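The file structure_38.cif contains mmCIF, C-alpha atoms:
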data_input
loop_
_atom_site.group_PDB
_atom_site.id
_atom_site.type_symbol
_atom_site.label_atom_id
_atom_site.label_comp_id
_atom_site.auth_asym_id
_atom_site.auth_seq_id
_atom_site.Cartn_x
_atom_site.Cartn_y
_atom_site.Cartn_z
ATOM 1 C CA MET A 57 -23.097 -10.155 -14.072
ATOM 2 C CA ILE A 58 -21.819 -13.685 -14.503
ATOM 3 C CA LYS A 59 -18.603 -14.515 -12.707
ATOM 4 C CA LYS A 60 -16.215 -16.795 -14.512
ATOM 5 C CA PRO A 61 -13.945 -18.994 -12.424
ATOM 6 C CA SER A 62 -10.353 -17.862 -12.457
ATOM 7 C CA SER A 63 -7.191 -19.848 -12.138
ATOM 8 C CA PRO A 64 -5.436 -20.263 -8.782
ATOM 9 C CA GLN A 65 -2.446 -18.452 -10.307
ATOM 10 C CA LEU A 66 -4.551 -15.342 -10.995
ATOM 11 C CA LEU A 67 -6.039 -15.452 -7.508
ATOM 12 C CA LYS A 68 -2.537 -15.609 -6.029
ATOM 13 C CA VAL A 69 -1.483 -12.549 -8.055
ATOM 14 C CA LEU A 70 -4.628 -10.666 -7.035
ATOM 15 C CA ASN A 71 -4.029 -11.428 -3.358
ATOM 16 C CA HIS A 72 -0.439 -10.205 -3.689
ATOM 17 C CA CYS A 73 -1.699 -6.941 -5.199
ATOM 18 C CA VAL A 74 -4.217 -6.518 -2.373
ATOM 19 C CA GLU A 75 -1.497 -6.992 0.248
ATOM 20 C CA ALA A 76 0.814 -4.519 -1.534
ATOM 21 C CA TYR A 77 -2.011 -1.960 -1.653
ATOM 22 C CA LYS A 78 -2.748 -2.416 2.063
ATOM 23 C CA TYR A 79 0.940 -1.976 2.925
ATOM 24 C CA ALA A 80 1.244 1.171 0.799
ATOM 25 C CA SER A 81 -1.904 2.766 2.176
ATOM 26 C CA LEU A 82 -0.884 2.037 5.782
ATOM 27 C CA SER A 83 2.582 3.457 5.134
ATOM 28 C CA PHE A 84 1.200 6.705 3.751
ATOM 29 C CA GLU A 85 -1.337 6.866 6.581
ATOM 30 C CA MET A 86 1.573 6.719 9.034
ATOM 31 C CA VAL A 87 3.373 9.521 7.179
ATOM 32 C CA SER A 88 0.212 11.603 7.141
ATOM 33 C CA SER A 89 -0.001 11.554 10.938
ATOM 34 C CA LYS A 90 3.710 12.399 11.228
ATOM 35 C CA LEU A 91 3.278 15.375 8.915
ATOM 36 C CA VAL A 92 1.494 17.262 11.688
ATOM 37 C CA GLU A 93 4.062 16.263 14.319
ATOM 38 C CA ASP A 94 7.294 16.603 12.341
ATOM 39 C CA PRO A 95 7.175 17.644 8.661
ATOM 40 C CA GLN A 96 10.866 16.905 8.115
ATOM 41 C CA ALA A 97 10.534 13.326 9.407
ATOM 42 C CA ALA A 98 7.428 12.822 7.263
ATOM 43 C CA ASN A 99 9.353 14.005 4.204
ATOM 44 C CA TYR A 100 12.103 11.482 4.970
ATOM 45 C CA ASP A 101 9.545 8.689 5.426
ATOM 46 C CA VAL A 102 7.983 9.398 2.025
ATOM 47 C CA THR A 103 11.445 9.280 0.450
ATOM 48 C CA VAL A 104 12.123 5.903 2.077
ATOM 49 C CA ILE A 105 8.712 4.451 1.139
ATOM 50 C CA ASP A 106 9.025 5.403 -2.542
ATOM 51 C CA PRO A 107 11.047 2.634 -4.224
#

Could you render the structure as structure tokens?
Amino acid sequence: MIKKPSSPQLLKVLNHCVEAYKYASLSFEMVSSKLVEDPQAANYDVTVIDP
């Protein structure tokens, strides 16, 4: 597979997407652990996370 160079603009967008994905996955990971402790609080957290 030959990699073509991409523009700095595209790299910036890709990095933004990676950061958004990391944030979302960490947020849902936090809710997952709360689900065992307090299902009602976890339900609230999911509501707040979802834009």

Mind pulling up the distance from atom CA of A:Ala97 to atom CA of A:Tyr79?
19.2 Å

Between atom CA of A:Ser62 and atom CA of A:Val74, what is the distance, to one decimal in Å?
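Answer for the atom CA of A:Ser62 to atom CA of A:Val74 separation: 16.4 Å.
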
Atom CA of A:Pro95 and atom CA of A:Ser83 are how many Å apart?
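For atom CA of A:Pro95 relative to atom CA of A:Ser83, the distance reads 15.3 Å.
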
Where is the centre and how long are the edges: axis-aligned box on stretch 67-84 of chain A, 4 Å on each side, Å to one decimal, as JSON:
{"center_x": -1.7, "center_y": -4.5, "center_z": -1.1, "size_x": 16.6, "size_y": 30.3, "size_z": 21.8}
